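coords15.cif (mmCIF, C-alpha atoms) appears below.
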data_final
loop_
_atom_site.label_atom_id
_atom_site.label_comp_id
_atom_site.auth_asym_id
_atom_site.auth_seq_id
_atom_site.Cartn_x
_atom_site.Cartn_y
_atom_site.Cartn_z
CA MET A 699 146.23 155.63 76.75
CA PRO A 700 143.04 156.90 78.42
CA LYS A 701 141.67 160.18 77.21
CA PRO A 702 142.32 163.20 79.44
CA LEU A 703 139.46 164.14 81.76
CA ILE A 704 138.45 167.76 81.10
CA LEU A 705 136.37 169.77 83.57
CA ILE A 706 134.49 172.62 81.89
CA THR A 707 132.80 175.54 83.61
CA ASN A 708 132.04 179.23 82.98
CA ASP A 709 130.31 182.28 84.41
CA ASP A 710 127.74 182.99 81.68
CA GLY A 711 125.67 179.93 82.56
CA ILE A 712 125.42 176.36 81.37
CA THR A 713 123.34 177.23 78.28
CA ALA A 714 125.63 180.05 77.10
CA PRO A 715 126.81 179.69 73.49
CA GLY A 716 130.44 180.16 74.55
CA LEU A 717 130.30 177.18 76.88
CA ARG A 718 128.40 175.05 74.36
CA THR A 719 131.15 175.80 71.84
CA LEU A 720 133.90 174.95 74.31
CA VAL A 721 132.21 171.63 75.12
CA LYS A 722 132.25 170.75 71.42
CA TYR A 723 135.94 171.62 71.08
CA MET A 724 136.97 169.72 74.22
CA ALA A 725 134.99 166.60 73.30
CA ALA A 726 137.43 166.20 70.41
CA ILE A 727 140.34 166.11 72.87
CA GLY A 728 139.13 164.16 75.90
CA ASP A 729 136.31 163.04 78.17
CA VAL A 730 134.18 165.98 79.25
CA ILE A 731 132.47 166.82 82.53
CA VAL A 732 130.58 170.13 82.69
CA VAL A 733 129.69 171.77 86.00
CA ALA A 734 128.46 175.30 85.36
CA PRO A 735 126.12 177.89 86.88
CA ASP A 736 122.41 177.53 86.18
CA SER A 737 122.20 181.29 85.51
CA PRO A 738 124.63 184.09 84.54
CA GLN A 739 127.28 184.87 87.16
CA SER A 740 129.41 187.45 85.34
CA GLY A 741 131.48 189.77 87.51
CA MET A 742 131.22 187.53 90.57
CA GLY A 743 134.99 187.29 90.94
CA HIS A 744 135.97 184.60 93.43
CA ALA A 745 132.77 184.74 95.43
CA ILE A 746 131.65 181.51 97.11
CA THR A 747 128.34 180.55 98.69
CA ILE A 748 128.58 180.30 102.48
CA ASP A 749 125.25 181.61 103.80
CA SER A 750 122.75 179.65 101.73
CA THR A 751 122.30 176.20 100.22
CA LEU A 752 123.72 174.97 96.93
CA TYR A 753 121.81 172.86 94.44
CA SER A 754 123.06 170.77 91.55
CA LYS A 755 121.29 168.57 89.04
CA PRO A 756 122.30 166.53 85.99
CA MET A 757 121.56 168.05 82.60
CA LYS A 758 121.31 166.64 79.09
CA ILE A 759 122.28 169.32 76.57
CA ASN A 760 123.35 168.04 73.15
CA PRO A 761 125.29 164.94 74.33
CA LEU A 762 128.45 164.54 72.25
CA SER A 763 129.96 161.26 73.48
CA ASP A 764 129.48 158.32 75.81
CA PHE A 765 131.64 160.05 78.39
CA HIS A 766 130.07 163.46 78.54
CA GLU A 767 128.20 164.51 81.67
CA GLU A 768 126.75 167.88 82.61
CA TYR A 769 125.55 169.37 85.87
CA SER A 770 124.03 172.76 86.58
CA CYS A 771 124.85 174.44 89.87
CA SER A 772 122.96 177.18 91.70
CA GLY A 773 126.19 178.78 92.90
CA THR A 774 129.08 180.86 91.59
CA PRO A 775 131.79 179.73 89.17
CA ALA A 776 134.13 179.01 92.09
CA ASP A 777 131.33 177.00 93.74
CA CYS A 778 130.99 174.95 90.56
CA VAL A 779 134.64 173.91 90.65
CA LYS A 780 134.53 173.13 94.37
CA LEU A 781 131.41 171.02 93.95
CA ALA A 782 132.83 169.23 90.92
CA LEU A 783 136.02 168.27 92.73
CA GLN A 784 134.43 167.31 96.04
CA GLU A 785 131.11 165.72 95.07
CA ILE A 786 130.74 164.97 91.37
CA LEU A 787 134.05 163.71 89.99
CA ASP A 788 135.50 160.39 91.10
CA ARG A 789 139.01 161.40 90.06
CA LYS A 790 141.01 164.56 89.59
CA PRO A 791 140.59 166.11 86.13
CA ASP A 792 143.64 166.48 83.95
CA ILE A 793 142.72 170.06 83.15
CA CYS A 794 139.99 172.61 83.86
CA VAL A 795 138.89 175.00 81.12
CA SER A 796 136.58 177.91 81.82
CA GLY A 797 134.63 179.87 79.20
CA ILE A 798 134.42 180.71 76.45
CA ASN A 799 133.44 184.00 78.06
CA HIS A 800 131.30 186.49 76.16
CA GLY A 801 133.54 189.54 76.53
CA SER A 802 137.12 190.44 77.41
CA ASN A 803 138.87 189.42 80.61
CA SER A 804 142.14 191.12 79.75
CA SER A 805 144.08 193.51 81.95
CA ILE A 806 142.36 194.57 85.20
CA ASN A 807 139.18 192.70 84.21
CA VAL A 808 140.81 189.50 85.46
CA ILE A 809 140.17 190.70 89.02
CA TYR A 810 136.40 190.77 88.55
CA SER A 811 136.06 187.79 86.24
CA GLY A 812 134.01 184.77 87.25
CA THR A 813 135.49 182.94 84.28
CA MET A 814 139.02 183.36 85.57
CA SER A 815 138.05 182.78 89.20
CA ALA A 816 136.76 179.33 88.25
CA ALA A 817 140.10 178.58 86.61
CA ILE A 818 141.95 179.96 89.63
CA GLU A 819 139.90 177.74 91.96
CA ALA A 820 141.03 174.73 89.96
CA GLY A 821 144.62 176.00 90.04
CA ILE A 822 144.48 176.31 93.82
CA GLU A 823 143.64 172.60 93.89
CA GLY A 824 146.69 171.79 91.78
CA ILE A 825 144.81 171.29 88.51
CA PRO A 826 146.14 172.87 85.30
CA ALA A 827 143.58 175.49 84.34
CA ILE A 828 142.83 177.97 81.56
CA GLY A 829 140.23 180.71 81.20
CA PHE A 830 139.14 181.55 77.66
CA SER A 831 137.42 184.80 76.66
CA LEU A 832 136.35 186.27 73.33
CA CYS A 833 136.34 190.06 73.02
CA ASP A 834 132.71 190.09 71.90
CA TYR A 835 129.90 190.58 74.39
CA SER A 836 127.17 189.53 71.96
CA TRP A 837 125.18 186.39 72.80
CA GLU A 838 125.41 185.62 69.06
CA ALA A 839 129.21 185.93 69.01
CA ASP A 840 131.08 183.81 66.46
CA PHE A 841 133.61 181.59 68.23
CA ASN A 842 134.64 179.56 65.18
CA ALA A 843 137.75 181.59 64.39
CA ALA A 844 139.27 180.53 67.70
CA GLU A 845 138.70 176.76 67.46
CA ASP A 846 142.15 175.65 66.30
CA PHE A 847 143.92 178.07 68.66
CA ILE A 848 141.92 176.90 71.67
CA LYS A 849 142.55 173.24 70.86
CA THR A 850 146.27 173.93 70.45
CA ILE A 851 146.56 175.77 73.77
CA VAL A 852 144.68 173.07 75.68
CA THR A 853 146.56 170.21 74.05
CA GLN A 854 149.91 171.86 74.75
CA ALA A 855 148.91 172.54 78.35
CA ILE A 856 147.98 168.89 78.87
CA THR A 857 151.18 167.68 77.21
CA ASN A 858 153.64 170.10 78.79
CA GLY A 859 151.88 171.09 82.00
CA ILE A 860 151.36 174.55 83.48
CA PRO A 861 153.76 175.75 86.20
CA LYS A 862 152.49 175.21 89.74
CA GLY A 863 150.61 178.19 91.11
CA VAL A 864 149.83 179.54 87.63
CA VAL A 865 146.70 179.55 85.47
CA LEU A 866 146.44 180.90 81.93
CA ASN A 867 144.26 183.87 81.03
CA VAL A 868 143.55 183.62 77.28
CA ASN A 869 141.78 186.41 75.41
CA ILE A 870 140.80 186.20 71.75
CA PRO A 871 140.27 189.26 69.53
CA LYS A 872 136.99 189.69 67.69
CA LEU A 873 138.39 188.94 64.23
CA PRO A 874 137.91 186.47 61.38
CA LYS A 875 140.35 183.57 61.57
CA LYS A 876 142.34 184.85 58.57
CA ASN A 877 143.05 188.09 60.45
CA ILE A 878 144.29 186.48 63.67
CA LYS A 879 148.08 186.72 63.50
CA GLY A 880 148.88 184.09 66.12
CA ILE A 881 149.36 183.70 69.86
CA LYS A 882 151.45 185.97 72.10
CA ILE A 883 152.55 185.27 75.67
CA CYS A 884 152.03 188.58 77.45
CA ARG A 885 151.93 190.41 80.71
CA GLN A 886 148.78 191.97 82.09
CA ALA A 887 148.41 195.57 80.94
CA ARG A 888 148.16 198.31 83.54
CA ALA A 889 144.66 199.73 83.24
CA ASN A 890 141.64 200.77 85.26
CA TRP A 891 137.96 201.50 84.99
CA LYS A 892 136.93 205.13 85.26
CA GLU A 893 133.62 204.41 86.94
CA LYS A 894 130.45 206.37 87.46
CA PHE A 895 127.07 205.60 88.97
CA ASP A 896 123.93 206.55 87.08
CA LYS A 897 121.60 207.55 89.91
CA ARG A 898 117.86 207.18 89.31
CA THR A 899 114.68 207.16 91.35
CA SER A 900 112.12 204.37 91.33
CA PRO A 901 108.33 205.01 91.10
CA MET A 902 108.28 204.29 94.84
CA GLY A 903 110.64 207.20 95.46
CA LYS A 904 113.71 205.12 96.27
CA ASP A 905 117.10 205.94 94.80
CA TYR A 906 118.90 203.25 92.84
CA TYR A 907 122.09 203.10 90.80
CA TRP A 908 123.45 201.62 87.56
CA LEU A 909 127.22 201.17 87.47
CA THR A 910 128.75 202.59 84.30
CA GLY A 911 132.29 203.41 83.29
CA GLU A 912 135.00 203.65 80.66
CA PHE A 913 138.05 201.41 80.34
CA GLU A 914 141.22 203.46 80.81
CA LEU A 915 144.45 201.94 79.42
CA LEU A 916 147.45 203.33 81.30
CA ASP A 917 150.09 201.15 79.66
CA LYS A 918 151.91 201.84 76.38
CA GLY A 919 153.98 198.64 76.46
CA GLU A 920 154.04 196.35 73.43
CA ASP A 921 154.36 193.22 75.58
CA THR A 922 150.88 193.45 77.13
CA ASP A 923 147.61 191.62 76.54
CA GLU A 924 145.91 194.84 75.44
CA TRP A 925 148.58 195.51 72.82
CA ALA A 926 148.37 191.94 71.53
CA LEU A 927 144.58 192.06 71.18
CA ALA A 928 144.65 195.47 69.50
CA ASN A 929 147.19 194.15 66.99
CA GLY A 930 145.39 190.96 66.02
CA PHE A 931 146.97 188.42 68.38
CA ILE A 932 145.47 186.04 70.91
CA SER A 933 146.91 186.98 74.31
CA VAL A 934 148.02 184.40 76.87
CA VAL A 935 148.86 185.80 80.30
CA PRO A 936 150.30 183.42 82.92
CA THR A 937 148.39 184.52 86.02
CA GLN A 938 149.30 183.66 89.61
CA PHE A 939 147.01 183.52 92.61
CA ASP A 940 149.74 184.19 95.18
CA LEU A 941 148.96 187.88 95.65
CA THR A 942 152.04 188.60 97.74
CA ALA A 943 153.86 191.73 96.54
CA HIS A 944 157.31 190.23 97.13
CA HIS A 945 159.10 193.37 95.93
CA ALA A 946 157.42 195.41 98.70
CA ILE A 947 158.50 193.25 101.65
CA SER A 948 161.91 194.90 102.14
CA HIS A 949 160.37 198.38 101.92
CA ILE A 950 157.73 197.66 104.55
CA ASN A 951 160.32 195.98 106.78
CA ASN A 952 161.95 199.43 107.02
CA TRP A 953 158.87 200.80 108.78
CA ASN A 954 160.16 199.50 112.15
CA LEU A 955 156.71 198.27 113.08
CA ASN A 956 157.93 196.48 116.20
CA GLU A 957 159.45 199.55 117.83
#

Can you turn what I pasted into C-alpha cells?
Amino acid sequence: MPKPLILITNDDGITAPGLRTLVKYMAAIGDVIVVAPDSPQSGMGHAITIDSTLYSKPMKINPLSDFHEEYSCSGTPADCVKLALQEILDRKPDICVSGINHGSNSSINVIYSGTMSAAIEAGIEGIPAIGFSLCDYSWEADFNAAEDFIKTIVTQAITNGIPKGVVLNVNIPKLPKKNIKGIKICRQARANWKEKFDKRTSPMGKDYYWLTGEFELLDKGEDTDEWALANGFISVVPTQFDLTAHHAISHINNWNLNE
C-alpha cells in the first residue's frame, strides 16, 4: 500500500519550531509536502490574497525522507492550501494537518486562527483536515509530550475518515506527558475577549494603537474544550464551516419579511 500523502501548513511560518516538529511526526506516517507562509501570519483568520501577487519557492529545511518537499509562500495560511492544491501537488492529499501552533486556538480563538483557517480551507476542498495547537506561546515550547497523541489522532483520522464538512480543532495543554490524562471530544466553550486598545502617540505626533485584552470564559460546562484543557486533557472539537444557524431559521421566518 502506498503511504498516505500528508499536506502540512501553519500560520507561524515555515521555520517555526511547531511546524518543524509536526513535519518530523508526519514523516513517520506518510509522504510529506509542506506549503507554509514565509513569515508569521497569526490571527489572519481566513484571509486570502486578492489584490497583490503571490510568490512561492522550494525550500530545503532538514530533509527527512526521499518524498519530502517544502515550499514557502508569501501569502496567508488559506493561500498556502489553495496554492498547494492548485499548483504544487499532482494529486489530492489524504489529509491536511496545520500547526503545531504556538498558543491556544480553543473556544472563540478558532474564529481568528490562521492555523484553523488553513485546515478549514482543506476541508472545504473535501480533504480530511486537523489543526493542532499547543497552549504555550513560547518559541521554545516543548512539543514532545504531544507526539504520541498527535500521531494517534492523525492515524485514526486517515483510517476512519472525518465526517464531510467537518475539520478537527485539537488543543494540547502545556503539561509534561505524564500529566496529560488523555483525549476528550468536546464542544467549543462559550467565551469572548474583553478587549482594549492601548493608545499611544508616535514621535511624529500620530496616534497609534496596540490591541490588548483578557480572555473571558462564560461557560461552566464540563464538556467543553476549555474544561478539558484546564483538567489535563487534550481537547478535540469537531468544527464545521457551514455557518448557518439552522435553529434560527424558523424564528426569522416569523418576521413576515415579504409582507

Applying 9 Å and all atoms listed in the file, which residues near range 767-780 of chain A remain after dropping the ones on its own chain fewer than 5 positions away? List them as number ranges by chain. A: 705-709, 711-712, 729-740, 742-747, 751-759, 761, 785-786, 794, 796, 812-820

- Between A:Lys849, A:Lys722, A:Lys892, A:His800, which is the closest to Leu915 in chain A once you count only C-alpha atoms?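 Looking only at the distances to Leu915 in chain A, the closest residue turns out to be A:Lys892.
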
(request) Could you check how far CA of Lys882 in chain A sits from CA of Gly911 in chain A, in Å to one decimal? (result)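 These two atoms are separated by 28.2 Å.
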
_Env of Pro861 in chain A: 12 Å cut, atoms = only C-alpha atoms, seq-sep filter 5 positions within chain, self excluded. Answer as a list in words._
Gly821, Gly824, Ile825, Pro826, Ala827, Ala855, Ile856, Leu866, Pro936, Thr937 and Gln938 of chain A

State, in Å with one decimal place, the distance from CA of Val935 in chain A to CA of Val868 in chain A.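 Computing it gives 6.5 Å between the two atoms.
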